[in-house]
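S.K.: Next up, model.pdb (PDB, C-alpha atoms).
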```pdb
ATOM      1  CA  MET A   1      51.307  72.453 -10.961
ATOM      2  CA  PRO A   2      49.210  69.344 -11.686
ATOM      3  CA  LEU A   3      47.961  67.255  -8.763
ATOM      4  CA  LEU A   4      47.888  63.956 -10.625
ATOM      5  CA  PRO A   5      50.488  62.421 -12.919
ATOM      6  CA  GLU A   6      49.886  62.653 -16.626
ATOM      7  CA  SER A   7      50.338  58.928 -17.149
ATOM      8  CA  TRP A   8      49.675  56.341 -14.438
ATOM      9  CA  PRO A   9      51.216  53.478 -16.430
ATOM     10  CA  THR A  10      54.646  55.159 -16.321
ATOM     11  CA  ILE A  11      54.484  55.067 -12.510
ATOM     12  CA  ILE A  12      53.189  51.511 -12.222
ATOM     13  CA  ALA A  13      54.681  49.685 -15.225
ATOM     14  CA  PRO A  14      58.104  48.159 -14.555
ATOM     15  CA  GLU A  15      61.031  49.850 -16.264
ATOM     16  CA  THR A  16      63.422  46.970 -15.612
ATOM     17  CA  PRO A  17      62.851  43.359 -16.713
ATOM     18  CA  LEU A  18      61.404  41.337 -13.811
ATOM     19  CA  LEU A  19      64.064  38.599 -13.934
ATOM     20  CA  GLU A  20      66.774  41.249 -13.814
ATOM     21  CA  LEU A  21      65.207  42.709 -10.660
ATOM     22  CA  VAL A  22      64.981  39.262  -9.066
ATOM     23  CA  ALA A  23      68.591  38.490 -10.024
ATOM     24  CA  ARG A  24      69.847  41.846  -8.711
ATOM     25  CA  GLY A  25      67.943  41.464  -5.442
ATOM     26  CA  SER A  26      69.137  37.879  -4.991
ATOM     27  CA  VAL A  27      72.785  38.633  -5.674
ATOM     28  CA  LEU A  28      72.705  41.716  -3.470
ATOM     29  CA  TYR A  29      71.011  39.910  -0.575
ATOM     30  CA  LEU A  30      73.358  36.919  -0.655
ATOM     31  CA  ALA A  31      76.482  39.060  -1.174
ATOM     32  CA  VAL A  32      75.727  41.378   1.735
ATOM     33  CA  LEU A  33      74.838  38.377   3.916
ATOM     34  CA  LEU A  34      78.153  36.723   3.045
ATOM     35  CA  LEU A  35      80.164  39.897   3.615
ATOM     36  CA  MET A  36      78.469  40.533   6.960
ATOM     37  CA  ARG A  37      79.135  36.902   7.949
ATOM     38  CA  VAL A  38      82.905  37.424   7.762
ATOM     39  CA  MET A  39      82.804  40.686   9.740
ATOM     40  CA  PRO A  40      83.170  40.660  13.529
ATOM     41  CA  ARG A  41      79.833  39.853  15.156
ATOM     42  CA  ARG A  42      79.489  43.116  17.007
ATOM     43  CA  THR A  43      79.491  45.081  13.709
ATOM     44  CA  GLY A  44      75.726  44.829  13.284
ATOM     45  CA  GLY A  45      74.748  45.819  16.798
ATOM     46  CA  GLU A  46      72.281  43.494  18.442
ATOM     47  CA  LEU A  47      70.328  42.484  15.359
ATOM     48  CA  ALA A  48      70.680  39.012  13.965
ATOM     49  CA  LEU A  49      72.748  39.032  10.800
ATOM     50  CA  MET A  50      69.868  38.107   8.478
ATOM     51  CA  ASP A  51      67.640  40.746  10.082
ATOM     52  CA  LEU A  52      70.244  43.475   9.622
ATOM     53  CA  VAL A  53      70.826  42.622   5.967
ATOM     54  CA  PHE A  54      67.083  42.406   5.371
ATOM     55  CA  VAL A  55      66.281  45.782   6.952
ATOM     56  CA  VAL A  56      69.082  47.609   5.141
ATOM     57  CA  LEU A  57      68.224  46.176   1.736
ATOM     58  CA  ILE A  58      64.471  46.691   2.159
ATOM     59  CA  ALA A  59      65.081  50.336   3.053
ATOM     60  CA  ASN A  60      67.260  50.765  -0.020
ATOM     61  CA  ALA A  61      64.787  49.015  -2.327
ATOM     62  CA  ALA A  62      61.911  51.094  -0.991
ATOM     63  CA  ALA A  63      63.910  54.309  -1.448
ATOM     64  CA  ASN A  64      64.683  53.395  -5.068
ATOM     65  CA  GLY A  65      61.004  52.629  -5.682
ATOM     66  CA  LEU A  66      60.028  56.056  -4.376
ATOM     67  CA  GLY A  67      62.492  57.956  -6.564
ATOM     68  CA  ASP A  68      61.751  59.792  -9.831
ATOM     69  CA  TYR A  69      63.820  57.455 -11.963
ATOM     70  CA  SER A  70      62.169  54.147 -11.133
ATOM     71  CA  ALA A  71      58.707  52.655 -11.360
ATOM     72  CA  VAL A  72      56.973  51.698  -8.125
ATOM     73  CA  SER A  73      56.573  48.132  -9.371
ATOM     74  CA  ASP A  74      60.379  47.809  -9.679
ATOM     75  CA  GLY A  75      60.668  48.547  -5.965
ATOM     76  CA  ILE A  76      57.835  46.141  -5.139
ATOM     77  CA  VAL A  77      59.456  43.297  -7.111
ATOM     78  CA  LEU A  78      62.808  43.979  -5.451
ATOM     79  CA  ILE A  79      61.242  44.072  -1.979
ATOM     80  CA  ALA A  80      59.311  40.844  -2.690
ATOM     81  CA  THR A  81      62.564  39.180  -3.797
ATOM     82  CA  LEU A  82      64.343  40.233  -0.609
ATOM     83  CA  MET A  83      61.409  39.066   1.513
ATOM     84  CA  GLY A  84      61.423  35.750  -0.328
ATOM     85  CA  TRP A  85      65.118  35.188   0.330
ATOM     86  CA  ASN A  86      64.724  36.171   3.971
ATOM     87  CA  TYR A  87      61.824  33.764   4.440
ATOM     88  CA  LEU A  88      63.555  30.947   2.538
ATOM     89  CA  LEU A  89      66.767  31.271   4.546
ATOM     90  CA  ASN A  90      64.793  31.327   7.797
ATOM     91  CA  VAL A  91      63.004  28.103   6.817
ATOM     92  CA  LEU A  92      66.206  26.436   5.602
ATOM     93  CA  SER A  93      68.167  27.458   8.699
ATOM     94  CA  TYR A  94      65.425  25.942  10.863
ATOM     95  CA  ARG A  95      65.606  22.639   8.969
ATOM     96  CA  PHE A  96      69.332  22.350   8.176
ATOM     97  CA  ARG A  97      72.093  22.882  10.732
ATOM     98  CA  PHE A  98      74.629  23.837   8.030
ATOM     99  CA  ILE A  99      72.447  26.690   6.766
ATOM    100  CA  GLU A 100      71.911  27.823  10.375
ATOM    101  CA  TRP A 101      75.680  27.882  10.846
ATOM    102  CA  CYS A 102      76.120  29.877   7.614
ATOM    103  CA  VAL A 103      73.648  32.607   8.515
ATOM    104  CA  SER A 104      73.933  32.530  12.302
ATOM    105  CA  PRO A 105      77.356  31.480  13.589
ATOM    106  CA  PRO A 106      77.699  29.739  16.965
ATOM    107  CA  PRO A 107      78.652  31.750  20.054
ATOM    108  CA  ILE A 108      82.354  32.404  20.595
ATOM    109  CA  PRO A 109      83.666  31.947  24.148
ATOM    110  CA  ILE A 110      85.610  34.939  25.437
ATOM    111  CA  VAL A 111      85.869  34.031  29.143
ATOM    112  CA  ARG A 112      86.256  30.566  30.646
ATOM    113  CA  ASP A 113      86.475  30.029  34.417
ATOM    114  CA  GLY A 114      87.381  33.659  35.066
ATOM    115  CA  ARG A 115      90.148  33.739  32.441
ATOM    116  CA  LEU A 116      90.071  35.839  29.286
ATOM    117  CA  LEU A 117      90.342  34.015  25.983
ATOM    118  CA  ARG A 118      92.358  36.736  24.292
ATOM    119  CA  ARG A 119      92.607  35.035  20.892
ATOM    120  CA  ASN A 120      88.814  34.983  20.564
ATOM    121  CA  MET A 121      88.596  38.542  21.873
ATOM    122  CA  ARG A 122      91.088  39.671  19.220
ATOM    123  CA  ARG A 123      89.096  37.887  16.523
ATOM    124  CA  GLU A 124      85.979  39.810  17.570
ATOM    125  CA  LEU A 125      87.890  43.089  18.084
ATOM    126  CA  LEU A 126      86.727  43.162  21.704
ATOM    127  CA  THR A 127      88.840  44.979  24.267
ATOM    128  CA  GLU A 128      88.997  44.007  27.919
ATOM    129  CA  GLU A 129      87.443  47.381  28.830
ATOM    130  CA  GLU A 130      84.452  46.746  26.542
ATOM    131  CA  LEU A 131      83.996  43.276  28.011
ATOM    132  CA  MET A 132      84.149  44.559  31.586
ATOM    133  CA  GLU A 133      81.607  47.268  30.726
ATOM    134  CA  GLN A 134      79.179  44.606  29.469
ATOM    135  CA  LEU A 135      79.796  42.420  32.522
ATOM    136  CA  ARG A 136      79.129  45.361  34.871
ATOM    137  CA  ARG A 137      75.808  45.896  33.085
ATOM    138  CA  GLU A 138      74.934  42.333  34.095
ATOM    139  CA  GLY A 139      75.972  43.035  37.681
ATOM    140  CA  ILE A 140      79.339  41.263  37.487
ATOM    141  CA  GLU A 141      82.309  43.279  38.699
ATOM    142  CA  ASP A 142      85.056  40.655  38.833
ATOM    143  CA  LEU A 143      86.182  38.152  36.201
ATOM    144  CA  ASP A 144      86.515  35.533  38.948
ATOM    145  CA  ASP A 145      82.711  35.571  39.185
ATOM    146  CA  VAL A 146      82.365  34.529  35.516
ATOM    147  CA  LYS A 147      82.137  30.845  34.680
ATOM    148  CA  ALA A 148      81.821  31.636  30.960
ATOM    149  CA  ALA A 149      81.097  34.568  28.665
ATOM    150  CA  PHE A 150      80.283  34.506  24.963
ATOM    151  CA  VAL A 151      79.869  36.788  21.987
ATOM    152  CA  GLU A 152      76.551  35.583  20.568
ATOM    153  CA  SER A 153      75.789  35.386  16.853
ATOM    154  CA  GLU A 154      74.031  38.777  16.848
ATOM    155  CA  GLY A 155      76.977  40.429  18.667
ATOM    156  CA  LYS A 156      75.545  40.567  22.180
ATOM    157  CA  ILE A 157      77.809  39.517  25.047
ATOM    158  CA  THR A 158      76.293  37.054  27.517
ATOM    159  CA  ALA A 159      77.791  35.739  30.743
ATOM    160  CA  VAL A 160      77.202  32.771  33.036
ATOM    161  CA  ARG A 161      77.995  33.409  36.684
ATOM    162  CA  ARG A 162      80.147  31.051  38.646
ATOM    163  CA  GLU A 163      78.349  29.624  41.632
ATOM    164  CA  ARG A 164      80.166  30.332  44.869
ATOM    165  CA  THR A 165      79.968  27.803  47.649
ATOM    166  CA  VAL A 166      80.142  28.991  51.222
ATOM    167  CA  ARG A 167      82.068  26.689  53.552
ATOM    168  CA  GLU A 168      80.654  26.085  56.965
ATOM    169  CA  THR A 169      83.122  25.903  59.814
TER     170      THR A 169
END
```
Spit out the file's structure as structure tokens when you get a sec.

M.R.:
Amino acid sequence: MPLLPESWPTIIAPETPLLELVARGSVLYLAVLLLMRVMPRRTGGELALMDLVFVVLIANAAANGLGDYSAVSDGIVLIATLMGWNYLLNVLSYRFRFIEWCVSPPPIPIVRDGRLLRRNMRRELLTEEELMEQLRREGIEDLDDVKAAFVESEGKITAVRRERTVRET
């Protein structure tokens, strides 16, 4: 069993045209980002949408680059394309509110003044039991103590406590 490959160029030299790799990476990145954008926010856990897409696609590109059927440079070009899109969308979302909205949707209110907003909860596939579990983790046991609660863009549930005033007699 040989320790070194017979031909280094077959490992390093790209097997796929570079523009095809860039096009495939671009389409894949943008398609997965779009598809994840229409899914309920809690689907991706607590990662921001762009981060989740980026990590999944980088892992896949790296795995393909390590396989027997593909040159290492193909994986490197694909990873560089994904990194480029991730960086570009981060810059654009910082500068343009519309791009920010596209890749990171605004928070959705699910509780207002102690009352459940069931339509928004349905849209996010959030049950009352799941909401109460998250509120208990924040030390809130009663909905009356919640001024507002939101499902954030990365799927995390946040709550704002209602301030109680104590009357003096």

S.K.: Run the PyMOL selection byres ((chain A and resi 160) around 8) on the file and write out the hits as a list of chain:residue names.

M.R.: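 Against this file, the PyMOL selection byres ((chain A and resi 160) around 8) returns the residues A:Val146, A:Lys147, A:Ala148, A:Ala149, A:Thr158, A:Ala159, A:Arg161, A:Arg162.
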
S.K.: Which residues are near A:Glu128? Cut-off 12 Å, all atoms listed in the file, ignore same chain within fewer than 6 positions. Put them as JSON, numbers by chain.

M.R.: {"A": [110, 111, 115, 116, 117, 118, 119, 120, 121, 122, 134, 135, 143]}

S.K.: Residues within 7 Å of stretch 20-30 of chain A, please, as a list in words. Count all atoms listed in the file; anything in the same chain fewer than 4 positions from it doesn't count.

M.R.: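 Close residues of stretch 20-30 of chain A: Thr16, Leu34, Val77, Leu78, Thr81 and Leu82 of chain A.
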
S.K.: Which residue gives the smallest distance to A:Lys156 among A:Pro40, A:Leu88, A:Ser93, A:Arg112, with all atoms listed in the file counted?

M.R.: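 Looking only at the distances to A:Lys156, the closest residue turns out to be A:Pro40.
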
S.K.: To verify the selection step, state as a list in words which residues the PyMOL selection byres ((chain A and resi 14) around 10) yields on this input.

M.R.: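 Checking the PyMOL selection byres ((chain A and resi 14) around 10) against this file, the residues are Pro9, Thr10, Ile11, Ile12, Ala13, Glu15, Thr16, Pro17, Leu18, Leu21, Ser70, Ala71, Val72, Ser73, Asp74, Gly75, Ile76 and Val77 of chain A.
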
S.K.: Produce stretch 152-164 of chain A of the given structure as output with C-alpha atoms, as a tab-separated table (two decimals), in the first residue's frame.

M.R.:
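Final output, part_29.tsv:
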```tsv
chain	number	residue	atom	x	y	z
A	152	GLU	CA	-36.63	36.60	17.60
A	153	SER	CA	-35.20	36.18	14.11
A	154	GLU	CA	-32.94	33.29	15.18
A	155	GLY	CA	-35.87	31.48	16.87
A	156	LYS	CA	-35.15	32.36	20.49
A	157	ILE	CA	-38.07	33.49	22.64
A	158	THR	CA	-37.49	36.67	24.65
A	159	ALA	CA	-39.79	38.28	27.21
A	160	VAL	CA	-40.15	41.71	28.79
A	161	ARG	CA	-41.53	41.69	32.32
A	162	ARG	CA	-44.38	43.91	33.31
A	163	GLU	CA	-43.46	46.25	36.11
A	164	ARG	CA	-45.73	45.87	39.11
```
